[in-house]
>>> print(open('upload.txt').read())   # compact mmCIF, C-alpha atoms
# COMPACT_ATOMS: atom_id res chain seq x y z
CA MET A 28 16.55 -12.26 -24.70
CA LYS A 29 19.28 -13.13 -22.19
CA LYS A 30 21.78 -10.62 -23.62
CA ILE A 31 19.18 -7.84 -23.79
CA PHE A 32 18.02 -8.50 -20.22
CA GLU A 33 21.55 -8.58 -18.80
CA LYS A 34 22.51 -5.40 -20.67
CA HIS A 35 19.45 -3.48 -19.46
CA GLU A 36 18.78 -5.29 -16.19
CA THR A 37 18.07 -2.14 -14.18
CA LEU A 38 15.61 -0.86 -16.77
CA PHE A 39 13.87 -4.23 -16.85
CA CYS A 40 13.49 -4.26 -13.06
CA VAL A 41 12.03 -0.75 -13.00
CA LEU A 42 9.63 -1.53 -15.85
CA ILE A 43 8.47 -4.77 -14.23
CA ILE A 44 7.76 -2.99 -10.94
CA LEU A 45 5.90 -0.14 -12.70
CA ILE A 46 3.83 -2.55 -14.79
CA TYR A 47 2.91 -4.54 -11.71
CA ILE A 48 1.88 -1.40 -9.77
CA VAL A 49 -0.18 0.02 -12.65
CA VAL A 50 -1.94 -3.24 -13.45
CA ASN A 51 -2.94 -3.89 -9.85
CA SER A 52 -3.95 -0.29 -9.18
CA VAL A 53 -6.31 -0.46 -12.17
CA CYS A 54 -7.63 -3.85 -11.01
CA VAL A 55 -8.25 -2.70 -7.43
CA GLN A 56 -9.90 0.58 -8.38
CA ASN A 57 -12.19 -0.94 -11.00
CA PHE A 58 -12.75 -4.56 -10.06
CA GLY A 59 -11.31 -5.40 -6.62
CA TYR A 60 -9.26 -8.44 -5.72
CA THR A 61 -12.33 -10.68 -5.61
CA SER A 62 -12.88 -10.31 -9.34
CA CYS A 63 -11.89 -12.79 -12.04
CA VAL A 64 -10.37 -9.84 -13.93
CA SER A 65 -7.76 -9.32 -11.21
CA PHE A 66 -7.05 -13.05 -11.16
CA VAL A 67 -6.55 -13.20 -14.93
CA ALA A 68 -4.39 -10.05 -15.02
CA ASN A 69 -2.07 -11.30 -12.28
CA THR A 70 -1.94 -14.79 -13.73
CA ILE A 71 -0.72 -13.29 -17.00
CA LEU A 72 1.91 -11.29 -15.10
CA SER A 73 3.04 -14.43 -13.25
CA ALA A 74 3.29 -16.37 -16.51
CA CYS A 75 5.34 -13.60 -18.12
CA LEU A 76 7.78 -13.50 -15.20
CA VAL A 77 8.15 -17.28 -15.23
CA GLY A 78 8.78 -17.07 -18.98
CA ILE A 79 11.56 -14.52 -18.39
CA VAL A 80 13.23 -16.71 -15.75
CA LEU A 81 13.01 -19.80 -17.97
CA SER A 82 14.32 -17.95 -21.02
CA LEU A 83 17.28 -16.71 -18.97
CA LYS A 84 17.85 -20.30 -17.74
CA LYS A 85 18.33 -19.01 -14.21
CA THR A 86 15.70 -20.81 -12.14
CA ALA A 87 18.10 -21.65 -9.30
CA TYR A 88 19.70 -18.19 -9.48
CA TYR A 89 16.33 -16.59 -8.80
CA GLY A 90 15.56 -18.91 -5.94
CA PHE A 91 13.58 -21.80 -7.37
CA SER A 92 15.46 -24.45 -5.41
CA LYS A 93 15.17 -26.47 -2.19
CA VAL A 94 16.43 -25.25 1.16
CA ARG A 95 19.22 -27.35 2.59
CA ASN A 96 19.51 -28.06 6.31
CA LEU A 97 16.08 -26.90 7.48
CA LYS A 98 17.19 -27.31 11.10
CA LYS A 99 19.42 -24.23 10.80
CA TYR A 100 16.35 -22.21 9.90
CA LEU A 101 14.32 -23.64 12.82
CA TYR A 102 12.25 -25.43 10.18
CA PHE A 103 10.79 -22.00 9.33
CA ILE A 104 8.40 -22.25 12.30
CA PRO A 105 8.49 -18.44 12.85
CA LEU A 106 6.98 -18.07 9.38
CA ALA A 107 3.95 -20.05 10.57
CA ALA A 108 3.47 -17.45 13.32
CA ILE A 109 3.41 -14.71 10.68
CA ILE A 110 0.90 -16.66 8.58
CA SER A 111 -1.40 -17.14 11.56
CA VAL A 112 -2.03 -13.43 12.16
CA ASN A 113 -5.01 -13.18 9.79
CA LEU A 114 -6.78 -15.92 11.74
CA TRP A 115 -6.28 -14.54 15.25
CA ASN A 116 -9.82 -13.19 15.46
CA GLY A 117 -11.59 -16.09 13.79
CA PHE A 118 -13.00 -16.29 10.28
CA ASN A 119 -14.75 -13.50 8.41
CA ILE A 120 -16.98 -15.19 5.82
CA ASN A 121 -18.77 -12.28 4.17
CA HIS A 122 -17.98 -13.06 0.56
CA SER A 123 -19.50 -15.46 -1.93
CA ALA A 124 -17.69 -18.66 -2.80
CA SER A 125 -16.60 -17.30 -6.20
CA GLU A 126 -15.32 -14.05 -4.70
CA THR A 127 -13.36 -15.96 -2.06
CA ILE A 128 -11.83 -18.28 -4.66
CA PHE A 129 -10.83 -15.44 -6.98
CA HIS A 130 -9.37 -13.48 -4.06
CA ILE A 131 -7.26 -16.46 -2.96
CA LEU A 132 -6.07 -17.17 -6.52
CA THR A 133 -5.28 -13.50 -7.12
CA MET A 134 -3.36 -13.23 -3.86
CA ILE A 135 -1.35 -16.36 -4.63
CA ASN A 136 -0.28 -14.71 -7.87
CA ILE A 137 0.52 -11.43 -6.12
CA GLY A 138 2.61 -13.17 -3.47
CA PHE A 139 4.55 -14.98 -6.18
CA ILE A 140 5.00 -11.86 -8.31
CA GLU A 141 6.18 -9.66 -5.44
CA GLU A 142 8.71 -12.20 -4.23
CA LEU A 143 10.15 -12.69 -7.68
CA ILE A 144 10.27 -8.94 -8.34
CA PHE A 145 11.61 -7.63 -5.02
CA ARG A 146 13.65 -10.59 -3.78
CA GLY A 147 14.48 -12.18 -7.13
CA PHE A 148 15.11 -9.57 -9.82
CA LEU A 149 15.73 -6.44 -7.72
CA PHE A 150 17.90 -8.03 -5.04
CA ARG A 151 19.94 -10.11 -7.47
CA MET A 152 20.55 -7.09 -9.67
CA MET A 153 21.82 -4.90 -6.81
CA ALA A 154 23.68 -7.66 -4.94
CA LYS A 155 26.22 -7.82 -7.76
CA ASN A 156 27.65 -4.54 -6.49
CA ASN A 157 26.78 -4.48 -2.78
CA VAL A 158 24.83 -7.15 -0.90
CA LYS A 159 24.08 -5.01 2.16
CA SER A 160 22.68 -2.18 0.06
CA ALA A 161 20.68 -4.69 -1.97
CA ILE A 162 19.11 -6.09 1.19
CA VAL A 163 18.16 -2.62 2.47
CA VAL A 164 16.76 -1.44 -0.87
CA SER A 165 14.79 -4.65 -1.40
CA ALA A 166 13.18 -4.39 2.04
CA LEU A 167 12.46 -0.65 1.85
CA THR A 168 11.15 -0.77 -1.71
CA PHE A 169 8.79 -3.59 -0.81
CA GLY A 170 7.57 -1.82 2.32
CA ILE A 171 7.24 1.70 0.94
CA GLY A 172 5.58 0.30 -2.18
CA HIS A 173 2.48 -0.34 -0.08
CA ILE A 174 1.88 3.42 0.01
CA VAL A 175 0.13 2.84 -3.32
CA ASN A 176 -2.77 1.48 -1.23
CA LEU A 177 -3.58 5.09 -0.28
CA LEU A 178 -4.36 5.77 -3.93
CA ASN A 179 -6.63 2.74 -3.92
CA GLY A 180 -8.75 4.06 -1.05
CA ALA A 181 -6.97 2.68 2.04
CA GLU A 182 -6.90 4.72 5.27
CA LEU A 183 -3.73 6.59 6.26
CA ILE A 184 -2.84 5.10 9.68
CA PRO A 185 -3.43 1.43 8.74
CA THR A 186 -1.42 2.00 5.55
CA LEU A 187 1.51 3.54 7.45
CA MET A 188 1.49 0.59 9.84
CA GLN A 189 1.35 -1.77 6.88
CA ILE A 190 4.40 -0.05 5.38
CA CYS A 191 6.29 -0.62 8.65
CA TYR A 192 5.53 -4.31 9.02
CA ALA A 193 5.84 -4.96 5.28
CA THR A 194 9.36 -3.51 5.46
CA ALA A 195 10.20 -5.82 8.39
CA ILE A 196 8.79 -8.84 6.59
CA GLY A 197 10.54 -7.80 3.39
CA TYR A 198 13.82 -7.63 5.28
CA LEU A 199 13.26 -11.13 6.69
CA PHE A 200 12.40 -12.54 3.27
CA VAL A 201 15.46 -11.08 1.58
CA VAL A 202 17.67 -12.40 4.40
CA ILE A 203 16.15 -15.86 3.96
CA PHE A 204 16.73 -15.71 0.21
CA HIS A 205 20.29 -14.44 0.59
CA LYS A 206 21.25 -17.07 3.16
CA SER A 207 19.36 -20.10 1.85
CA LYS A 208 19.49 -19.24 -1.88
CA SER A 209 15.86 -20.34 -2.03
CA LEU A 210 12.84 -18.13 -2.61
CA VAL A 211 10.39 -20.98 -1.99
CA PRO A 212 9.77 -20.37 1.78
CA CYS A 213 9.20 -16.67 1.07
CA ILE A 214 6.78 -17.37 -1.78
CA ILE A 215 4.77 -19.90 0.25
CA THR A 216 4.55 -17.59 3.29
CA HIS A 217 3.69 -14.54 1.23
CA CYS A 218 0.98 -16.38 -0.71
CA LEU A 219 -0.62 -17.77 2.47
CA VAL A 220 -0.55 -14.42 4.29
CA ASN A 221 -2.16 -12.72 1.30
CA SER A 222 -4.74 -15.44 0.73
CA LEU A 223 -5.89 -15.61 4.34
CA SER A 224 -6.41 -11.84 4.49
CA ILE A 225 -9.93 -12.26 3.14
CA PHE A 226 -10.86 -14.09 6.36
CA ASN A 227 -9.40 -11.45 8.66
CA VAL A 228 -11.76 -10.01 11.29
CA GLU A 229 -10.76 -6.41 11.96
CA ASN A 230 -10.71 -5.08 15.52
CA ASP A 231 -8.18 -3.38 17.80
CA LEU A 232 -6.13 -6.60 17.92
CA SER A 233 -5.71 -6.76 14.17
CA LEU A 234 -5.31 -3.01 13.73
CA TYR A 235 -2.68 -2.35 16.42
CA ILE A 236 -1.32 -5.50 18.10
CA ALA A 237 -0.92 -7.56 14.93
CA PRO A 238 1.24 -4.93 13.14
CA ILE A 239 3.57 -4.74 16.14
CA PHE A 240 3.80 -8.55 16.18
CA LEU A 241 4.54 -8.50 12.43
CA ILE A 242 7.43 -6.15 13.05
CA ILE A 243 9.00 -7.89 16.06
CA ILE A 244 8.85 -11.52 14.84
CA PRO A 245 10.39 -10.92 11.37
CA LEU A 246 13.16 -8.73 12.76
CA ALA A 247 13.98 -11.18 15.56
CA TYR A 248 13.99 -14.13 13.16
CA ALA A 249 16.13 -12.23 10.62
CA ILE A 250 18.66 -11.37 13.33
CA TYR A 251 18.78 -15.04 14.35
CA ILE A 252 19.39 -16.17 10.77
CA ASN A 253 22.09 -13.55 10.24
CA ARG A 254 23.94 -14.65 13.36
CA LYS A 255 23.55 -18.41 13.00
CA ILE A 256 24.05 -18.96 9.30
CA ILE A 257 27.26 -18.16 7.46
CA ASP A 258 26.97 -17.13 3.82
>>> encode(input="upload.txt", output="structure tokens")
Amino acid sequence: MKKIFEKHETLFCVLIILIYIVVNSVCVQNFGYTSCVSFVANTILSACLVGIVLSLKKTAYYGFSKVRNLKKYLYFIPLAAIISVNLWNGFNINHSASETIFHILTMINIGFIEELIFRGFLFRMMAKNNVKSAIVVSALTFGIGHIVNLLNGAELIPTLMQICYATAIGYLFVVIFHKSKSLVPCIITHCLVNSLSIFNVENDLSLYIAPIFLIIIPLAYAIYINRKIID
């Protein structure tokens, strides 16, 4: 497995991304994220990715390790600001308990999968040749990938704004991974942001102000990390 993966690493990365996109597009269009089907499908994907990492014996290489010297990273407090956005307008409780639970569990899986795919596999693969290019591609691929939401029924303007702030957040996450060698803060933040989205109350604040906030904070924090922390 290890030799095959290393020999065809680029192909594996592309296939993993395509499988993830197809599986979740089918789930969204036919069941929604509040369905147990979406939860099961993404749990299987998560388990498969974990199996790949374990079989390669590269858990630390792909970021499953502790962050040293949390003070340098301001104890990741800016990440808490990003997580809080979905709760700015209070709680939207319009779903049943089962739908809410399945949504949260599905989103935890999706946060984990996307971090491992875009920051773990994709970044690590490209960083072997050029770290700067790997950072840019990881961030842009993650951000632009949200254009798939248009195929799943999302509106154009909110989707374009989502692409912008997802790119900024993706850039921050890949910088954190590159500097700290840990994917854990990114996974936790991503999972919480995704999970809390079911409680989001949409209004002008969430539609326009929040996206701007989600662009400025990640970029500012990434710039701080780049300047303060030596590789």
>>> closest_residue(input="upload.txt", among="A:Ile196, A:Ala107, A:Ile140, A:Leu42", to="Ser165 (chain A)", atoms="only C-alpha atoms")
A:Ile196
>>> residues_around(input="upload.txt", residues="Asn51 (chain A)", least_positions_apart="3", cutoff="9 Å", atoms="all atoms listed in the file", output="list in words")
Ile46, Tyr47, Ile48, Cys54, Val55, Gln56, Tyr60, Ser65, Ala68 and Asn69 of chain A
>>> atom_distance(input="upload.txt", atom1="CA of Leu76 (chain A)", atom2="CA of Glu36 (chain A)")
13.8 Å
>>> atom_distance(input="upload.txt", atom1="CA of Ile244 (chain A)", atom2="CA of Lys93 (chain A)")
23.5 Å
>>> closest_residue(input="upload.txt", among="A:Asn227, A:Ser62, A:Asn156, A:Thr186", to="Ile174 (chain A)", atoms="all atoms listed in the file")
A:Thr186
>>> closest_residue(input="upload.txt", among="A:Ser82, A:Asn157, A:Asn176, A:Gln189", to="Ile31 (chain A)", atoms="all atoms listed in the file")
A:Ser82
>>> closest_residue(input="upload.txt", among="A:Gly90, A:Pro185, A:Pro212, A:Gly180", to="Pro105 (chain A)", atoms="only C-alpha atoms")
A:Pro212
>>> closest_residue(input="upload.txt", among="A:Ser73, A:Ser207, A:Thr37, A:Asn136", to="Met152 (chain A)", atoms="only C-alpha atoms")
A:Thr37
>>> atom_distance(input="upload.txt", atom1="CA of Ile215 (chain A)", atom2="CA of Gly172 (chain A)")
20.4 Å
>>> residues_around(input="upload.txt", residues="Ala161 (chain A)", least_positions_apart="5", cutoff="7 Å", atoms="only C-alpha atoms", output="list in words")
Phe150, Met153 and Ala154 of chain A
>>> closest_residue(input="upload.txt", among="A:Lys99, A:Ser224, A:Tyr198, A:Met188", to="Ile252 (chain A)", atoms="only C-alpha atoms")
A:Lys99
>>> residues_around(input="upload.txt", residues="Tyr100 (chain A)", least_positions_apart="6", cutoff="12 Å", atoms="only C-alpha atoms", output="PDB file with C-alpha atoms, in the frame of the given file")
ATOM      1  CA  VAL A  94      16.430 -25.250   1.160  1.00  0.00           C
ATOM      2  CA  LEU A 106       6.980 -18.070   9.380  1.00  0.00           C
ATOM      3  CA  LEU A 199      13.260 -11.130   6.690  1.00  0.00           C
ATOM      4  CA  VAL A 202      17.670 -12.400   4.400  1.00  0.00           C
ATOM      5  CA  ILE A 203      16.150 -15.860   3.960  1.00  0.00           C
ATOM      6  CA  PHE A 204      16.730 -15.710   0.210  1.00  0.00           C
ATOM      7  CA  LYS A 206      21.250 -17.070   3.160  1.00  0.00           C
ATOM      8  CA  SER A 207      19.360 -20.100   1.850  1.00  0.00           C
ATOM      9  CA  PRO A 212       9.770 -20.370   1.780  1.00  0.00           C
ATOM     10  CA  TYR A 248      13.990 -14.130  13.160  1.00  0.00           C
ATOM     11  CA  ALA A 249      16.130 -12.230  10.620  1.00  0.00           C
ATOM     12  CA  ILE A 250      18.660 -11.370  13.330  1.00  0.00           C
ATOM     13  CA  TYR A 251      18.780 -15.040  14.350  1.00  0.00           C
ATOM     14  CA  ILE A 252      19.390 -16.170  10.770  1.00  0.00           C
ATOM     15  CA  ASN A 253      22.090 -13.550  10.240  1.00  0.00           C
ATOM     16  CA  ARG A 254      23.940 -14.650  13.360  1.00  0.00           C
ATOM     17  CA  LYS A 255      23.550 -18.410  13.000  1.00  0.00           C
ATOM     18  CA  ILE A 256      24.050 -18.960   9.300  1.00  0.00           C
ATOM     19  CA  ILE A 257      27.260 -18.160   7.460  1.00  0.00           C
TER      20      ILE A 257
END
>>> build_atoms(input="upload.txt", residues="region 151-162 of chain A", atoms="all heavy atoms", output="PDB file, keeping the file's coordinate frame")
ATOM      1  N   ARG A 151      18.840  -9.519  -6.707  1.00  0.00           N
ATOM      2  CA  ARG A 151      19.940 -10.110  -7.470  1.00  0.00           C
ATOM      3  C   ARG A 151      20.677  -9.063  -8.291  1.00  0.00           C
ATOM      4  O   ARG A 151      21.910  -9.093  -8.403  1.00  0.00           O
ATOM      5  CB  ARG A 151      19.406 -11.212  -8.387  1.00  0.00           C
ATOM      6  CG  ARG A 151      19.139 -12.535  -7.694  1.00  0.00           C
ATOM      7  CD  ARG A 151      20.403 -13.098  -7.105  1.00  0.00           C
ATOM      8  NE  ARG A 151      20.273 -14.480  -6.707  1.00  0.00           N
ATOM      9  CZ  ARG A 151      21.164 -15.124  -5.978  1.00  0.00           C
ATOM     10  NH1 ARG A 151      22.249 -14.497  -5.552  1.00  0.00           N
ATOM     11  NH2 ARG A 151      21.000 -16.388  -5.650  1.00  0.00           N
ATOM     12  N   MET A 152      19.925  -8.132  -8.863  1.00  0.00           N
ATOM     13  CA  MET A 152      20.550  -7.090  -9.670  1.00  0.00           C
ATOM     14  C   MET A 152      21.494  -6.235  -8.826  1.00  0.00           C
ATOM     15  O   MET A 152      22.640  -5.989  -9.202  1.00  0.00           O
ATOM     16  CB  MET A 152      19.474  -6.200 -10.289  1.00  0.00           C
ATOM     17  CG  MET A 152      20.020  -5.021 -11.086  1.00  0.00           C
ATOM     18  SD  MET A 152      18.762  -3.767 -11.415  1.00  0.00           S
ATOM     19  CE  MET A 152      18.552  -3.046  -9.774  1.00  0.00           C
ATOM     20  N   MET A 153      21.031  -5.787  -7.659  1.00  0.00           N
ATOM     21  CA  MET A 153      21.820  -4.900  -6.810  1.00  0.00           C
ATOM     22  C   MET A 153      22.924  -5.625  -6.046  1.00  0.00           C
ATOM     23  O   MET A 153      23.960  -5.034  -5.735  1.00  0.00           O
ATOM     24  CB  MET A 153      20.903  -4.172  -5.832  1.00  0.00           C
ATOM     25  CG  MET A 153      19.910  -3.240  -6.494  1.00  0.00           C
ATOM     26  SD  MET A 153      19.148  -2.127  -5.296  1.00  0.00           S
ATOM     27  CE  MET A 153      20.578  -1.157  -4.798  1.00  0.00           C
ATOM     28  N   ALA A 154      22.705  -6.898  -5.726  1.00  0.00           N
ATOM     29  CA  ALA A 154      23.680  -7.660  -4.940  1.00  0.00           C
ATOM     30  C   ALA A 154      25.000  -7.857  -5.679  1.00  0.00           C
ATOM     31  O   ALA A 154      26.027  -8.149  -5.062  1.00  0.00           O
ATOM     32  CB  ALA A 154      23.090  -9.009  -4.545  1.00  0.00           C
ATOM     33  N   LYS A 155      24.979  -7.681  -6.983  1.00  0.00           N
ATOM     34  CA  LYS A 155      26.220  -7.820  -7.760  1.00  0.00           C
ATOM     35  C   LYS A 155      27.249  -6.776  -7.332  1.00  0.00           C
ATOM     36  O   LYS A 155      28.447  -7.006  -7.416  1.00  0.00           O
ATOM     37  CB  LYS A 155      25.913  -7.659  -9.256  1.00  0.00           C
ATOM     38  CG  LYS A 155      25.061  -8.782  -9.841  1.00  0.00           C
ATOM     39  CD  LYS A 155      24.737  -8.495 -11.297  1.00  0.00           C
ATOM     40  CE  LYS A 155      23.855  -9.595 -11.882  1.00  0.00           C
ATOM     41  NZ  LYS A 155      23.492  -9.312 -13.292  1.00  0.00           N
ATOM     42  N   ASN A 156      26.758  -5.627  -6.887  1.00  0.00           N
ATOM     43  CA  ASN A 156      27.650  -4.540  -6.490  1.00  0.00           C
ATOM     44  C   ASN A 156      27.825  -4.451  -4.974  1.00  0.00           C
ATOM     45  O   ASN A 156      28.916  -4.236  -4.480  1.00  0.00           O
ATOM     46  CB  ASN A 156      27.113  -3.206  -7.017  1.00  0.00           C
ATOM     47  CG  ASN A 156      27.067  -3.164  -8.532  1.00  0.00           C
ATOM     48  OD1 ASN A 156      27.980  -3.620  -9.200  1.00  0.00           O
ATOM     49  ND2 ASN A 156      25.982  -2.635  -9.085  1.00  0.00           N
ATOM     50  N   ASN A 157      26.715  -4.609  -4.232  1.00  0.00           N
ATOM     51  CA  ASN A 157      26.780  -4.480  -2.780  1.00  0.00           C
ATOM     52  C   ASN A 157      25.606  -5.215  -2.145  1.00  0.00           C
ATOM     53  O   ASN A 157      24.456  -4.781  -2.269  1.00  0.00           O
ATOM     54  CB  ASN A 157      26.737  -3.000  -2.386  1.00  0.00           C
ATOM     55  CG  ASN A 157      27.044  -2.775  -0.918  1.00  0.00           C
ATOM     56  OD1 ASN A 157      26.440  -3.379  -0.040  1.00  0.00           O
ATOM     57  ND2 ASN A 157      27.994  -1.899  -0.640  1.00  0.00           N
ATOM     58  N   VAL A 158      25.889  -6.312  -1.468  1.00  0.00           N
ATOM     59  CA  VAL A 158      24.830  -7.150  -0.900  1.00  0.00           C
ATOM     60  C   VAL A 158      24.044  -6.411   0.182  1.00  0.00           C
ATOM     61  O   VAL A 158      22.823  -6.467   0.225  1.00  0.00           O
ATOM     62  CB  VAL A 158      25.417  -8.458  -0.310  1.00  0.00           C
ATOM     63  CG1 VAL A 158      24.346  -9.223   0.449  1.00  0.00           C
ATOM     64  CG2 VAL A 158      25.985  -9.323  -1.421  1.00  0.00           C
ATOM     65  N   LYS A 159      24.751  -5.705   1.063  1.00  0.00           N
ATOM     66  CA  LYS A 159      24.080  -5.010   2.160  1.00  0.00           C
ATOM     67  C   LYS A 159      23.103  -3.951   1.644  1.00  0.00           C
ATOM     68  O   LYS A 159      21.978  -3.823   2.125  1.00  0.00           O
ATOM     69  CB  LYS A 159      25.101  -4.377   3.094  1.00  0.00           C
ATOM     70  CG  LYS A 159      25.904  -5.387   3.902  1.00  0.00           C
ATOM     71  CD  LYS A 159      26.853  -4.705   4.874  1.00  0.00           C
ATOM     72  CE  LYS A 159      27.619  -5.733   5.705  1.00  0.00           C
ATOM     73  NZ  LYS A 159      28.564  -5.084   6.653  1.00  0.00           N
ATOM     74  N   SER A 160      23.554  -3.199   0.650  1.00  0.00           N
ATOM     75  CA  SER A 160      22.680  -2.180   0.060  1.00  0.00           C
ATOM     76  C   SER A 160      21.492  -2.836  -0.638  1.00  0.00           C
ATOM     77  O   SER A 160      20.361  -2.323  -0.574  1.00  0.00           O
ATOM     78  CB  SER A 160      23.461  -1.339  -0.964  1.00  0.00           C
ATOM     79  OG  SER A 160      24.474  -0.603  -0.323  1.00  0.00           O
ATOM     80  N   ALA A 161      21.746  -3.972  -1.276  1.00  0.00           N
ATOM     81  CA  ALA A 161      20.680  -4.690  -1.970  1.00  0.00           C
ATOM     82  C   ALA A 161      19.608  -5.161  -0.991  1.00  0.00           C
ATOM     83  O   ALA A 161      18.408  -5.092  -1.279  1.00  0.00           O
ATOM     84  CB  ALA A 161      21.253  -5.878  -2.736  1.00  0.00           C
ATOM     85  N   ILE A 162      20.040  -5.630   0.167  1.00  0.00           N
ATOM     86  CA  ILE A 162      19.110  -6.090   1.190  1.00  0.00           C
ATOM     87  C   ILE A 162      18.238  -4.923   1.682  1.00  0.00           C
ATOM     88  O   ILE A 162      17.013  -5.044   1.794  1.00  0.00           O
ATOM     89  CB  ILE A 162      19.864  -6.727   2.373  1.00  0.00           C
ATOM     90  CG1 ILE A 162      20.461  -8.072   1.946  1.00  0.00           C
ATOM     91  CG2 ILE A 162      18.937  -6.913   3.579  1.00  0.00           C
ATOM     92  CD1 ILE A 162      21.354  -8.713   2.996  1.00  0.00           C
TER      93      ILE A 162
END
